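*Asks:* If it helps, the file is called my_file.pdb and holds PDB, N, CA and C atoms:
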ATOM      1  N   MET A  25      70.798 149.609  51.059
ATOM      2  CA  MET A  25      70.943 150.940  50.511
ATOM      3  C   MET A  25      70.185 151.070  49.190
ATOM      4  N   LYS A  26      70.259 150.017  48.343
ATOM      5  CA  LYS A  26      69.532 150.057  47.077
ATOM      6  C   LYS A  26      68.035 150.149  47.312
ATOM      7  N   LYS A  27      67.562 149.421  48.337
ATOM      8  CA  LYS A  27      66.133 149.434  48.652
ATOM      9  C   LYS A  27      65.699 150.838  49.087
ATOM     10  N   LEU A  28      66.515 151.500  49.908
ATOM     11  CA  LEU A  28      66.213 152.857  50.346
ATOM     12  C   LEU A  28      66.192 153.813  49.162
ATOM     13  N   ALA A  29      67.166 153.704  48.274
ATOM     14  CA  ALA A  29      67.216 154.569  47.092
ATOM     15  C   ALA A  29      65.997 154.346  46.206
ATOM     16  N   ALA A  30      65.600 153.093  46.044
ATOM     17  CA  ALA A  30      64.421 152.792  45.226
ATOM     18  C   ALA A  30      63.164 153.361  45.866
ATOM     19  N   THR A  31      63.064 153.238  47.185
ATOM     20  CA  THR A  31      61.901 153.782  47.896
ATOM     21  C   THR A  31      61.854 155.293  47.775
ATOM     22  N   LEU A  32      62.980 155.947  47.977
ATOM     23  CA  LEU A  32      63.026 157.409  47.858
ATOM     24  C   LEU A  32      62.714 157.848  46.437
ATOM     25  N   GLY A  33      63.216 157.110  45.456
ATOM     26  CA  GLY A  33      62.913 157.432  44.058
ATOM     27  C   GLY A  33      61.431 157.305  43.775
ATOM     28  N   PHE A  34      60.798 156.261  44.285
ATOM     29  CA  PHE A  34      59.364 156.067  44.105
ATOM     30  C   PHE A  34      58.590 157.204  44.753
ATOM     31  N   CYS A  35      58.952 157.566  45.999
ATOM     32  CA  CYS A  35      58.253 158.651  46.700
ATOM     33  C   CYS A  35      58.392 159.972  45.948
ATOM     34  N   ALA A  36      59.575 160.248  45.443
ATOM     35  CA  ALA A  36      59.777 161.486  44.686
ATOM     36  C   ALA A  36      58.933 161.483  43.426
ATOM     37  N   THR A  37      58.839 160.346  42.765
ATOM     38  CA  THR A  37      58.017 160.249  41.559
ATOM     39  C   THR A  37      56.561 160.497  41.881
ATOM     40  N   VAL A  38      56.060 159.890  42.954
ATOM     41  CA  VAL A  38      54.668 160.095  43.349
ATOM     42  C   VAL A  38      54.427 161.556  43.694
ATOM     43  N   MET A  39      55.332 162.154  44.456
ATOM     44  CA  MET A  39      55.153 163.557  44.842
ATOM     45  C   MET A  39      55.155 164.459  43.613
ATOM     46  N   LEU A  40      56.075 164.237  42.697
ATOM     47  CA  LEU A  40      56.114 165.057  41.495
ATOM     48  C   LEU A  40      54.863 164.853  40.653
ATOM     49  N   THR A  41      54.384 163.631  40.588
ATOM     50  CA  THR A  41      53.174 163.350  39.828
ATOM     51  C   THR A  41      51.987 164.093  40.423
ATOM     52  N   GLU A  42      51.897 164.117  41.733
ATOM     53  CA  GLU A  42      50.773 164.760  42.393
ATOM     54  C   GLU A  42      50.868 166.281  42.313
ATOM     55  N   VAL A  43      52.068 166.846  42.354
ATOM     56  CA  VAL A  43      52.241 168.295  42.382
ATOM     57  C   VAL A  43      52.284 168.891  40.978
ATOM     58  N   ALA A  44      52.751 168.149  40.013
ATOM     59  CA  ALA A  44      52.987 168.672  38.672
ATOM     60  C   ALA A  44      51.789 169.363  38.036
ATOM     61  N   PRO A  45      50.553 168.880  38.177
ATOM     62  CA  PRO A  45      49.458 169.539  37.478
ATOM     63  C   PRO A  45      49.350 171.039  37.744
ATOM     64  N   ALA A  46      49.549 171.464  38.960
ATOM     65  CA  ALA A  46      49.417 172.883  39.278
ATOM     66  C   ALA A  46      50.589 173.692  38.747
ATOM     67  N   GLN A  47      51.734 173.060  38.599
ATOM     68  CA  GLN A  47      52.927 173.798  38.237
ATOM     69  C   GLN A  47      53.225 173.797  36.749
ATOM     70  N   MET A  48      52.870 172.720  36.033
ATOM     71  CA  MET A  48      53.329 172.593  34.663
ATOM     72  C   MET A  48      52.216 172.292  33.662
ATOM     73  N   THR A  49      50.998 172.438  34.045
ATOM     74  CA  THR A  49      49.896 172.099  33.160
ATOM     75  C   THR A  49      49.643 173.226  32.165
ATOM     76  N   PRO A  50      49.478 172.893  30.899
ATOM     77  CA  PRO A  50      49.167 173.934  29.907
ATOM     78  C   PRO A  50      47.833 174.625  30.233
ATOM     79  N   PRO A  51      47.744 175.920  30.004
ATOM     80  CA  PRO A  51      46.504 176.652  30.293
ATOM     81  C   PRO A  51      45.271 176.061  29.601
ATOM     82  N   ALA A  52      45.440 175.513  28.406
ATOM     83  CA  ALA A  52      44.292 174.925  27.701
ATOM     84  C   ALA A  52      43.738 173.720  28.459
ATOM     85  N   THR A  53      44.627 172.947  29.090
ATOM     86  CA  THR A  53      44.188 171.792  29.871
ATOM     87  C   THR A  53      43.398 172.244  31.086
ATOM     88  N   VAL A  54      43.892 173.284  31.756
ATOM     89  CA  VAL A  54      43.189 173.830  32.925
ATOM     90  C   VAL A  54      41.834 174.386  32.495
ATOM     91  N   ALA A  55      41.778 175.061  31.367
ATOM     92  CA  ALA A  55      40.505 175.611  30.874
ATOM     93  C   ALA A  55      39.514 174.496  30.559
ATOM     94  N   THR A  56      39.987 173.414  29.961
ATOM     95  CA  THR A  56      39.117 172.267  29.690
ATOM     96  C   THR A  56      38.643 171.662  31.002
ATOM     97  N   GLY A  57      39.549 171.527  31.966
ATOM     98  CA  GLY A  57      39.183 171.007  33.279
ATOM     99  C   GLY A  57      38.154 171.869  33.977
ATOM    100  N   ARG A  58      38.292 173.191  33.849
ATOM    101  CA  ARG A  58      37.324 174.123  34.441
ATOM    102  C   ARG A  58      35.942 173.900  33.816
ATOM    103  N   ARG A  59      35.906 173.769  32.504
ATOM    104  CA  ARG A  59      34.633 173.553  31.813
ATOM    105  C   ARG A  59      34.005 172.232  32.251
ATOM    106  N   LEU A  60      34.805 171.169  32.298
ATOM    107  CA  LEU A  60      34.290 169.867  32.727
ATOM    108  C   LEU A  60      33.831 169.905  34.182
ATOM    109  N   PHE A  61      34.597 170.577  35.030
ATOM    110  CA  PHE A  61      34.218 170.695  36.436
ATOM    111  C   PHE A  61      32.852 171.367  36.557
ATOM    112  N   HIS A  62      32.669 172.470  35.843
ATOM    113  CA  HIS A  62      31.396 173.192  35.932
ATOM    114  C   HIS A  62      30.240 172.376  35.362
ATOM    115  N   SER A  63      30.520 171.517  34.396
ATOM    116  CA  SER A  63      29.462 170.670  33.835
ATOM    117  C   SER A  63      29.116 169.502  34.749
ATOM    118  N   TYR A  64      30.139 168.841  35.290
ATOM    119  CA  TYR A  64      29.917 167.598  36.024
ATOM    120  C   TYR A  64      29.925 167.746  37.546
ATOM    121  N   CYS A  65      30.738 168.616  38.072
ATOM    122  CA  CYS A  65      31.006 168.630  39.516
ATOM    123  C   CYS A  65      30.346 169.793  40.268
ATOM    124  N   ALA A  66      30.219 170.943  39.615
ATOM    125  CA  ALA A  66      29.709 172.135  40.286
ATOM    126  C   ALA A  66      28.302 171.991  40.854
ATOM    127  N   PRO A  67      27.417 171.181  40.267
ATOM    128  CA  PRO A  67      26.098 171.061  40.889
ATOM    129  C   PRO A  67      26.164 170.666  42.371
ATOM    130  N   CYS A  68      27.134 169.846  42.741
ATOM    131  CA  CYS A  68      27.279 169.468  44.156
ATOM    132  C   CYS A  68      28.379 170.272  44.854
ATOM    133  N   HIS A  69      29.511 170.433  44.184
ATOM    134  CA  HIS A  69      30.653 171.084  44.827
ATOM    135  C   HIS A  69      30.605 172.601  44.727
ATOM    136  N   GLY A  70      29.736 173.154  43.898
ATOM    137  CA  GLY A  70      29.628 174.600  43.752
ATOM    138  C   GLY A  70      30.603 175.144  42.732
ATOM    139  N   ASP A  71      30.293 176.315  42.208
ATOM    140  CA  ASP A  71      31.174 176.950  41.225
ATOM    141  C   ASP A  71      32.548 177.233  41.810
ATOM    142  N   ASP A  72      32.599 177.471  43.132
ATOM    143  CA  ASP A  72      33.873 177.759  43.785
ATOM    144  C   ASP A  72      34.542 176.505  44.345
ATOM    145  N   ALA A  73      33.938 175.328  44.141
ATOM    146  CA  ALA A  73      34.463 174.019  44.550
ATOM    147  C   ALA A  73      34.539 173.840  46.065
ATOM    148  N   LYS A  74      33.777 174.618  46.817
ATOM    149  CA  LYS A  74      33.844 174.544  48.277
ATOM    150  C   LYS A  74      32.777 173.643  48.894
ATOM    151  N   GLY A  75      32.028 172.916  48.055
ATOM    152  CA  GLY A  75      31.045 171.976  48.581
ATOM    153  C   GLY A  75      29.680 172.576  48.818
ATOM    154  N   ASN A  76      29.402 173.699  48.190
ATOM    155  CA  ASN A  76      28.152 174.409  48.453
ATOM    156  C   ASN A  76      27.264 174.546  47.217
ATOM    157  N   GLY A  77      27.317 173.571  46.334
ATOM    158  CA  GLY A  77      26.501 173.626  45.116
ATOM    159  C   GLY A  77      25.024 173.433  45.413
ATOM    160  N   PRO A  78      24.169 173.741  44.465
ATOM    161  CA  PRO A  78      22.727 173.658  44.685
ATOM    162  C   PRO A  78      22.228 172.241  44.983
ATOM    163  N   MET A  79      22.955 171.213  44.587
ATOM    164  CA  MET A  79      22.539 169.835  44.856
ATOM    165  C   MET A  79      23.149 169.279  46.148
ATOM    166  N   ALA A  80      24.045 170.020  46.779
ATOM    167  CA  ALA A  80      24.731 169.534  47.983
ATOM    168  C   ALA A  80      23.760 169.174  49.098
ATOM    169  N   SER A  81      22.680 169.916  49.207
ATOM    170  CA  SER A  81      21.729 169.647  50.292
ATOM    171  C   SER A  81      20.997 168.324  50.110
ATOM    172  N   PHE A  82      21.045 167.765  48.915
ATOM    173  CA  PHE A  82      20.388 166.487  48.659
ATOM    174  C   PHE A  82      21.312 165.291  48.896
ATOM    175  N   SER A  83      22.569 165.551  49.199
ATOM    176  CA  SER A  83      23.546 164.483  49.403
ATOM    177  C   SER A  83      23.422 163.914  50.812
ATOM    178  N   ALA A  84      23.535 162.595  50.919
ATOM    179  CA  ALA A  84      23.513 161.945  52.231
ATOM    180  C   ALA A  84      24.808 162.218  52.997
ATOM    181  N   GLU A  85      25.874 162.530  52.285
ATOM    182  CA  GLU A  85      27.172 162.824  52.893
ATOM    183  C   GLU A  85      27.497 164.299  52.682
ATOM    184  N   GLN A  86      28.361 164.829  53.542
ATOM    185  CA  GLN A  86      28.805 166.199  53.352
ATOM    186  C   GLN A  86      29.641 166.273  52.078
ATOM    187  N   VAL A  87      29.346 167.237  51.237
ATOM    188  CA  VAL A  87      30.074 167.393  49.981
ATOM    189  C   VAL A  87      31.424 168.055  50.281
ATOM    190  N   ALA A  88      32.479 167.488  49.752
ATOM    191  CA  ALA A  88      33.841 167.931  50.065
ATOM    192  C   ALA A  88      34.162 169.307  49.502
ATOM    193  N   ASP A  89      34.962 170.046  50.271
ATOM    194  CA  ASP A  89      35.558 171.299  49.825
ATOM    195  C   ASP A  89      36.793 170.914  49.021
ATOM    196  N   LEU A  90      36.728 171.053  47.723
ATOM    197  CA  LEU A  90      37.821 170.624  46.855
ATOM    198  C   LEU A  90      38.938 171.654  46.742
ATOM    199  N   THR A  91      38.800 172.780  47.441
ATOM    200  CA  THR A  91      39.872 173.780  47.451
ATOM    201  C   THR A  91      40.864 173.525  48.575
ATOM    202  N   ALA A  92      40.573 172.570  49.447
ATOM    203  CA  ALA A  92      41.425 172.311  50.613
ATOM    204  C   ALA A  92      42.151 170.973  50.529
ATOM    205  N   LEU A  93      42.239 170.401  49.344
ATOM    206  CA  LEU A  93      42.861 169.084  49.200
ATOM    207  C   LEU A  93      44.346 169.099  49.564
ATOM    208  N   ARG A  94      45.068 170.107  49.122
ATOM    209  CA  ARG A  94      46.509 170.177  49.403
ATOM    210  C   ARG A  94      46.754 170.257  50.914
ATOM    211  N   ARG A  95      45.949 171.045  51.611
ATOM    212  CA  ARG A  95      46.088 171.172  53.064
ATOM    213  C   ARG A  95      45.666 169.866  53.753
ATOM    214  N   ARG A  96      44.562 169.304  53.298
ATOM    215  CA  ARG A  96      44.043 168.077  53.914
ATOM    216  C   ARG A  96      45.033 166.919  53.793
ATOM    217  N   TYR A  97      45.711 166.832  52.657
ATOM    218  CA  TYR A  97      46.653 165.735  52.416
ATOM    219  C   TYR A  97      48.103 166.164  52.597
ATOM    220  N   HIS A  98      48.335 167.274  53.262
ATOM    221  CA  HIS A  98      49.670 167.739  53.642
ATOM    222  C   HIS A  98      50.607 167.926  52.453
ATOM    223  N   GLY A  99      50.128 168.575  51.419
ATOM    224  CA  GLY A  99      50.978 168.938  50.285
ATOM    225  C   GLY A  99      50.660 168.228  48.997
ATOM    226  N   ALA A 100      50.940 166.948  48.927
ATOM    227  CA  ALA A 100      50.700 166.185  47.696
ATOM    228  C   ALA A 100      49.250 165.723  47.662
ATOM    229  N   ILE A 101      48.582 165.986  46.573
ATOM    230  CA  ILE A 101      47.174 165.622  46.442
ATOM    231  C   ILE A 101      47.076 164.243  45.785
ATOM    232  N   PRO A 102      46.561 163.259  46.509
ATOM    233  CA  PRO A 102      46.458 161.900  45.947
ATOM    234  C   PRO A 102      45.197 161.748  45.095
ATOM    235  N   PHE A 103      45.208 162.357  43.902
ATOM    236  CA  PHE A 103      44.002 162.370  43.082
ATOM    237  C   PHE A 103      43.457 160.975  42.808
ATOM    238  N   GLY A 104      44.328 160.003  42.576
ATOM    239  CA  GLY A 104      43.854 158.644  42.322
ATOM    240  C   GLY A 104      43.053 158.108  43.490
ATOM    241  N   LYS A 105      43.563 158.311  44.693
ATOM    242  CA  LYS A 105      42.867 157.872  45.906
ATOM    243  C   LYS A 105      41.535 158.612  46.050
ATOM    244  N   ILE A 106      41.566 159.908  45.804
ATOM    245  CA  ILE A 106      40.345 160.715  45.929
ATOM    246  C   ILE A 106      39.308 160.242  44.924
ATOM    247  N   TRP A 107      39.722 160.034  43.683
ATOM    248  CA  TRP A 107      38.784 159.610  42.641
ATOM    249  C   TRP A 107      38.159 158.262  42.995
ATOM    250  N   ASP A 108      38.959 157.375  43.600
ATOM    251  CA  ASP A 108      38.451 156.055  43.996
ATOM    252  C   ASP A 108      37.465 156.129  45.159
ATOM    253  N   MET A 109      37.518 157.201  45.946
ATOM    254  CA  MET A 109      36.651 157.342  47.115
ATOM    255  C   MET A 109      35.318 158.025  46.804
ATOM    256  N   LEU A 110      35.092 158.399  45.561
ATOM    257  CA  LEU A 110      33.859 159.104  45.224
ATOM    258  C   LEU A 110      32.624 158.290  45.597
ATOM    259  N   PRO A 111      31.624 158.934  46.171
ATOM    260  CA  PRO A 111      30.374 158.209  46.448
ATOM    261  C   PRO A 111      29.729 157.754  45.141
ATOM    262  N   ASP A 112      28.886 156.747  45.233
ATOM    263  CA  ASP A 112      28.253 156.184  44.033
ATOM    264  C   ASP A 112      27.527 157.228  43.211
ATOM    265  N   GLN A 113      26.765 158.118  43.856
ATOM    266  CA  GLN A 113      26.010 159.094  43.080
ATOM    267  C   GLN A 113      26.931 160.049  42.322
ATOM    268  N   CYS A 114      28.088 160.316  42.874
ATOM    269  CA  CYS A 114      29.056 161.175  42.189
ATOM    270  C   CYS A 114      29.714 160.403  41.050
ATOM    271  N   SER A 115      30.088 159.179  41.309
ATOM    272  CA  SER A 115      30.749 158.371  40.288
ATOM    273  C   SER A 115      29.881 158.222  39.044
ATOM    274  N   GLU A 116      28.582 158.116  39.251
ATOM    275  CA  GLU A 116      27.666 157.982  38.113
ATOM    276  C   GLU A 116      27.574 159.265  37.303
ATOM    277  N   ALA A 117      27.733 160.414  37.960
ATOM    278  CA  ALA A 117      27.597 161.703  37.284
ATOM    279  C   ALA A 117      28.916 162.215  36.711
ATOM    280  N   CYS A 118      30.029 161.650  37.146
ATOM    281  CA  CYS A 118      31.338 162.156  36.746
ATOM    282  C   CYS A 118      31.788 161.562  35.421
ATOM    283  N   PRO A 119      32.648 162.297  34.721
ATOM    284  CA  PRO A 119      33.210 161.726  33.498
ATOM    285  C   PRO A 119      34.124 160.569  33.880
ATOM    286  N   ASN A 120      34.207 159.588  33.023
ATOM    287  CA  ASN A 120      35.050 158.437  33.339
ATOM    288  C   ASN A 120      36.173 158.234  32.334
ATOM    289  N   LYS A 121      36.354 159.160  31.440
ATOM    290  CA  LYS A 121      37.460 159.060  30.487
ATOM    291  C   LYS A 121      38.723 159.597  31.166
ATOM    292  N   PRO A 122      39.825 158.864  31.095
ATOM    293  CA  PRO A 122      41.043 159.273  31.805
ATOM    294  C   PRO A 122      41.484 160.709  31.512
ATOM    295  N   GLN A 123      41.404 161.150  30.270
ATOM    296  CA  GLN A 123      41.843 162.511  29.962
ATOM    297  C   GLN A 123      40.936 163.546  30.628
ATOM    298  N   GLN A 124      39.645 163.303  30.667
ATOM    299  CA  GLN A 124      38.727 164.226  31.340
ATOM    300  C   GLN A 124      39.037 164.297  32.831
ATOM    301  N   VAL A 125      39.301 163.158  33.415
ATOM    302  CA  VAL A 125      39.645 163.107  34.836
ATOM    303  C   VAL A 125      40.914 163.910  35.084
ATOM    304  N   ARG A 126      41.939 163.726  34.261
ATOM    305  CA  ARG A 126      43.191 164.477  34.420
ATOM    306  C   ARG A 126      42.961 165.975  34.237
ATOM    307  N   ASP A 127      42.112 166.358  33.289
ATOM    308  CA  ASP A 127      41.837 167.778  33.078
ATOM    309  C   ASP A 127      41.164 168.387  34.306
ATOM    310  N   ILE A 128      40.194 167.686  34.879
ATOM    311  CA  ILE A 128      39.524 168.185  36.089
ATOM    312  C   ILE A 128      40.528 168.284  37.235
ATOM    313  N   GLN A 129      41.384 167.287  37.378
ATOM    314  CA  GLN A 129      42.400 167.324  38.422
ATOM    315  C   GLN A 129      43.335 168.514  38.231
ATOM    316  N   SER A 130      43.690 168.805  36.990
ATOM    317  CA  SER A 130      44.559 169.948  36.711
ATOM    318  C   SER A 130      43.887 171.251  37.122
ATOM    319  N   PHE A 131      42.607 171.372  36.843
ATOM    320  CA  PHE A 131      41.869 172.560  37.261
ATOM    321  C   PHE A 131      41.815 172.648  38.784
ATOM    322  N   LEU A 132      41.478 171.540  39.444
ATOM    323  CA  LEU A 132      41.396 171.551  40.911
ATOM    324  C   LEU A 132      42.731 171.908  41.554
ATOM    325  N   ALA A 133      43.816 171.490  40.948
ATOM    326  CA  ALA A 133      45.143 171.813  41.489
ATOM    327  C   ALA A 133      45.363 173.319  41.537
ATOM    328  N   THR A 134      44.747 174.060  40.634
ATOM    329  CA  THR A 134      44.914 175.518  40.623
ATOM    330  C   THR A 134      44.094 176.206  41.708
ATOM    331  N   LEU A 135      43.148 175.506  42.308
ATOM    332  CA  LEU A 135      42.267 176.104  43.315
ATOM    333  C   LEU A 135      42.757 175.916  44.743
ATOM    334  N   GLN A 136      43.845 175.193  44.922
ATOM    335  CA  GLN A 136      44.268 174.837  46.268
ATOM    336  C   GLN A 136      44.750 176.033  47.069
ATOM    337  N   LYS A 137      44.386 176.025  48.342
ATOM    338  CA  LYS A 137      44.769 177.106  49.278
ATOM    339  C   LYS A 137      46.171 176.887  49.769
TER     340      LYS A 137
END
Using structure tokens, write down the structure that the file contains.
*Replies:*
Amino acid sequence: MKKLAATLGFCATVMLTEVAPAQMTPPATVATGRRLFHSYCAPCHGDDAKGNGPMASFSAEQVADLTALRRRYHGAIPFGKIWDMLPDQCSEACPNKPQQVRDIQSFLATLQK
């Protein structure tokens, strides 16, 4: 029973961590994330984050629609997993400071369908 309670507690923590950015993020954080997204990510993902940026046609892989993450992952967005899956060319162009990453994630959370 203790093991089940610990597992459920862990799952709830992960779910809250993944969902919280869209629900409780300060507007200034989202605004910073929007600015960082447009600087670093929009060239490939597009201003609307749907994968249609001007550099997308140069990618060897299809550029992801970042507005469909919640649907694709059935509710909770595993940003850590997503960030780890970035192709090399994206990883080189993306900010690597943890706060910048969190700000971009907070902005993306507001775009989910």
*Asks:* Do you have, as JSON lines, the list of residues of segment 50-102 of chain A lying at most 6.5 Å from segment 112-133 of chain A, each with its nearest atom pair and that distance in Å to one decimal, counting all atoms listed in the file and ordered by chain then number?
*Replies:*
{"residue": "A:Thr53", "atom": "C", "partner": "A:Asp127", "partner_atom": "CA", "distance": 5.1}
{"residue": "A:Val54", "atom": "CA", "partner": "A:Phe131", "partner_atom": "N", "distance": 4.7}
{"residue": "A:Ala55", "atom": "N", "partner": "A:Phe131", "partner_atom": "CA", "distance": 6.4}
{"residue": "A:Thr56", "atom": "C", "partner": "A:Asp127", "partner_atom": "C", "distance": 5.3}
{"residue": "A:Gly57", "atom": "CA", "partner": "A:Asp127", "partner_atom": "C", "distance": 3.4}
{"residue": "A:Arg58", "atom": "N", "partner": "A:Phe131", "partner_atom": "CA", "distance": 5.0}
{"residue": "A:Leu60", "atom": "C", "partner": "A:Ile128", "partner_atom": "CA", "distance": 6.2}
{"residue": "A:Phe61", "atom": "N", "partner": "A:Ile128", "partner_atom": "CA", "distance": 5.6}
{"residue": "A:Tyr64", "atom": "CA", "partner": "A:Ala117", "partner_atom": "C", "distance": 5.5}
{"residue": "A:Leu90", "atom": "C", "partner": "A:Leu132", "partner_atom": "CA", "distance": 6.3}
*Asks:* Could you dump the residues just selected with N, CA and C atoms as a PDB file, in the coordinates of the input?
*Replies:*
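Output contents, as saved in again23.pdb:
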ATOM      1  N   THR A  53      44.627 172.947  29.090  1.00  0.00           N
ATOM      2  CA  THR A  53      44.188 171.792  29.871  1.00  0.00           C
ATOM      3  C   THR A  53      43.398 172.244  31.086  1.00  0.00           C
ATOM      4  N   VAL A  54      43.892 173.284  31.756  1.00  0.00           N
ATOM      5  CA  VAL A  54      43.189 173.830  32.925  1.00  0.00           C
ATOM      6  C   VAL A  54      41.834 174.386  32.495  1.00  0.00           C
ATOM      7  N   ALA A  55      41.778 175.061  31.367  1.00  0.00           N
ATOM      8  CA  ALA A  55      40.505 175.611  30.874  1.00  0.00           C
ATOM      9  C   ALA A  55      39.514 174.496  30.559  1.00  0.00           C
ATOM     10  N   THR A  56      39.987 173.414  29.961  1.00  0.00           N
ATOM     11  CA  THR A  56      39.117 172.267  29.690  1.00  0.00           C
ATOM     12  C   THR A  56      38.643 171.662  31.002  1.00  0.00           C
ATOM     13  N   GLY A  57      39.549 171.527  31.966  1.00  0.00           N
ATOM     14  CA  GLY A  57      39.183 171.007  33.279  1.00  0.00           C
ATOM     15  C   GLY A  57      38.154 171.869  33.977  1.00  0.00           C
ATOM     16  N   ARG A  58      38.292 173.191  33.849  1.00  0.00           N
ATOM     17  CA  ARG A  58      37.324 174.123  34.441  1.00  0.00           C
ATOM     18  C   ARG A  58      35.942 173.900  33.816  1.00  0.00           C
ATOM     19  N   LEU A  60      34.805 171.169  32.298  1.00  0.00           N
ATOM     20  CA  LEU A  60      34.290 169.867  32.727  1.00  0.00           C
ATOM     21  C   LEU A  60      33.831 169.905  34.182  1.00  0.00           C
ATOM     22  N   PHE A  61      34.597 170.577  35.030  1.00  0.00           N
ATOM     23  CA  PHE A  61      34.218 170.695  36.436  1.00  0.00           C
ATOM     24  C   PHE A  61      32.852 171.367  36.557  1.00  0.00           C
ATOM     25  N   TYR A  64      30.139 168.841  35.290  1.00  0.00           N
ATOM     26  CA  TYR A  64      29.917 167.598  36.024  1.00  0.00           C
ATOM     27  C   TYR A  64      29.925 167.746  37.546  1.00  0.00           C
ATOM     28  N   LEU A  90      36.728 171.053  47.723  1.00  0.00           N
ATOM     29  CA  LEU A  90      37.821 170.624  46.855  1.00  0.00           C
ATOM     30  C   LEU A  90      38.938 171.654  46.742  1.00  0.00           C
TER      31      LEU A  90
END
*Asks:* Record the distance separating atom CA of Met48 of chain A and atom C of Pro111 of chain A, expressed in Å with one decimal.
*Replies:* 29.8 Å
*Asks:* Within segment 51-95 of chain A, find each residue whose DSSP state, derived from the backbone, is alpha helix (DSSP H), and express the selection as a compact mmCIF listing (two decimals) with N, CA and C atoms, in the coordinates of the input.
*Replies:*
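Okay, result_37.txt is ready:
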# COMPACT_ATOMS: atom_id res chain seq x y z
N PRO A 51 47.74 175.92 30.00
CA PRO A 51 46.50 176.65 30.29
C PRO A 51 45.27 176.06 29.60
N ALA A 52 45.44 175.51 28.41
CA ALA A 52 44.29 174.92 27.70
C ALA A 52 43.74 173.72 28.46
N THR A 53 44.63 172.95 29.09
CA THR A 53 44.19 171.79 29.87
C THR A 53 43.40 172.24 31.09
N VAL A 54 43.89 173.28 31.76
CA VAL A 54 43.19 173.83 32.92
C VAL A 54 41.83 174.39 32.49
N ALA A 55 41.78 175.06 31.37
CA ALA A 55 40.51 175.61 30.87
C ALA A 55 39.51 174.50 30.56
N THR A 56 39.99 173.41 29.96
CA THR A 56 39.12 172.27 29.69
C THR A 56 38.64 171.66 31.00
N GLY A 57 39.55 171.53 31.97
CA GLY A 57 39.18 171.01 33.28
C GLY A 57 38.15 171.87 33.98
N ARG A 58 38.29 173.19 33.85
CA ARG A 58 37.32 174.12 34.44
C ARG A 58 35.94 173.90 33.82
N ARG A 59 35.91 173.77 32.50
CA ARG A 59 34.63 173.55 31.81
C ARG A 59 34.01 172.23 32.25
N LEU A 60 34.80 171.17 32.30
CA LEU A 60 34.29 169.87 32.73
C LEU A 60 33.83 169.90 34.18
N ALA A 66 30.22 170.94 39.62
CA ALA A 66 29.71 172.14 40.29
C ALA A 66 28.30 171.99 40.85
N PRO A 67 27.42 171.18 40.27
CA PRO A 67 26.10 171.06 40.89
C PRO A 67 26.16 170.67 42.37
N CYS A 68 27.13 169.85 42.74
CA CYS A 68 27.28 169.47 44.16
C CYS A 68 28.38 170.27 44.85
N HIS A 69 29.51 170.43 44.18
CA HIS A 69 30.65 171.08 44.83
C HIS A 69 30.60 172.60 44.73
N LEU A 93 42.24 170.40 49.34
CA LEU A 93 42.86 169.08 49.20
C LEU A 93 44.35 169.10 49.56
N ARG A 94 45.07 170.11 49.12
CA ARG A 94 46.51 170.18 49.40
C ARG A 94 46.75 170.26 50.91
N ARG A 95 45.95 171.04 51.61
CA ARG A 95 46.09 171.17 53.06
C ARG A 95 45.67 169.87 53.75
*Asks:* For segment 69-75 of chain A, find every residue with an atom within 7 Å (counting only C-alpha atoms), except residues of its own chain fewer than 3 positions away, and show them as a VMD selection string.
*Replies:* chain A and resid 62 65 to 66 80 87 to 91
*Asks:* Measuring between only C-alpha atoms, which one of A:Lys137, A:Leu110, A:Pro50, A:Pro102 shows the shortest distance to Gln86 of chain A?
*Replies:* A:Leu110
*Asks:* Could you tell me how far atom CA of Ala92 of chain A lies from atom CA of Gln136 of chain A, in Å and to one decimal?
*Replies:*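 Atom CA of Ala92 of chain A sits 5.8 Å away from atom CA of Gln136 of chain A.
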*Asks:* Near Pro67 of chain A, within 5 Å and counting all atoms listed in the file, which residues show up once chain neighbours fewer than 5 positions away are dropped, as a compact mmCIF listing (two decimals) with N, CA and C atoms, in the coordinates of the input?
*Replies:*
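Output file part_9.txt is given in full below:
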# COMPACT_ATOMS: atom_id res chain seq x y z
N GLY A 77 27.32 173.57 46.33
CA GLY A 77 26.50 173.63 45.12
C GLY A 77 25.02 173.43 45.41
N PRO A 78 24.17 173.74 44.46
CA PRO A 78 22.73 173.66 44.68
C PRO A 78 22.23 172.24 44.98
N MET A 79 22.96 171.21 44.59
CA MET A 79 22.54 169.84 44.86
C MET A 79 23.15 169.28 46.15
N ALA A 80 24.04 170.02 46.78
CA ALA A 80 24.73 169.53 47.98
C ALA A 80 23.76 169.17 49.10
*Asks:* Which distance in Å separates atom CA of Ser81 of chain A and atom CA of Met109 of chain A, to one decimal?
*Replies:*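 Result for atom CA of Ser81 of chain A versus atom CA of Met109 of chain A: 19.6 Å, one decimal.
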*Asks:* As AutoDock Vina command-line options, what would the box around segment 118-136 of chain A look like: edges along x, y and z, 8 Å added on every side, centre and edge lengths in Å to one decimal?
*Replies:*
--center_x 37.7 --center_y 167.2 --center_z 38.5 --size_x 31.3 --size_y 34.0 --size_z 33.1
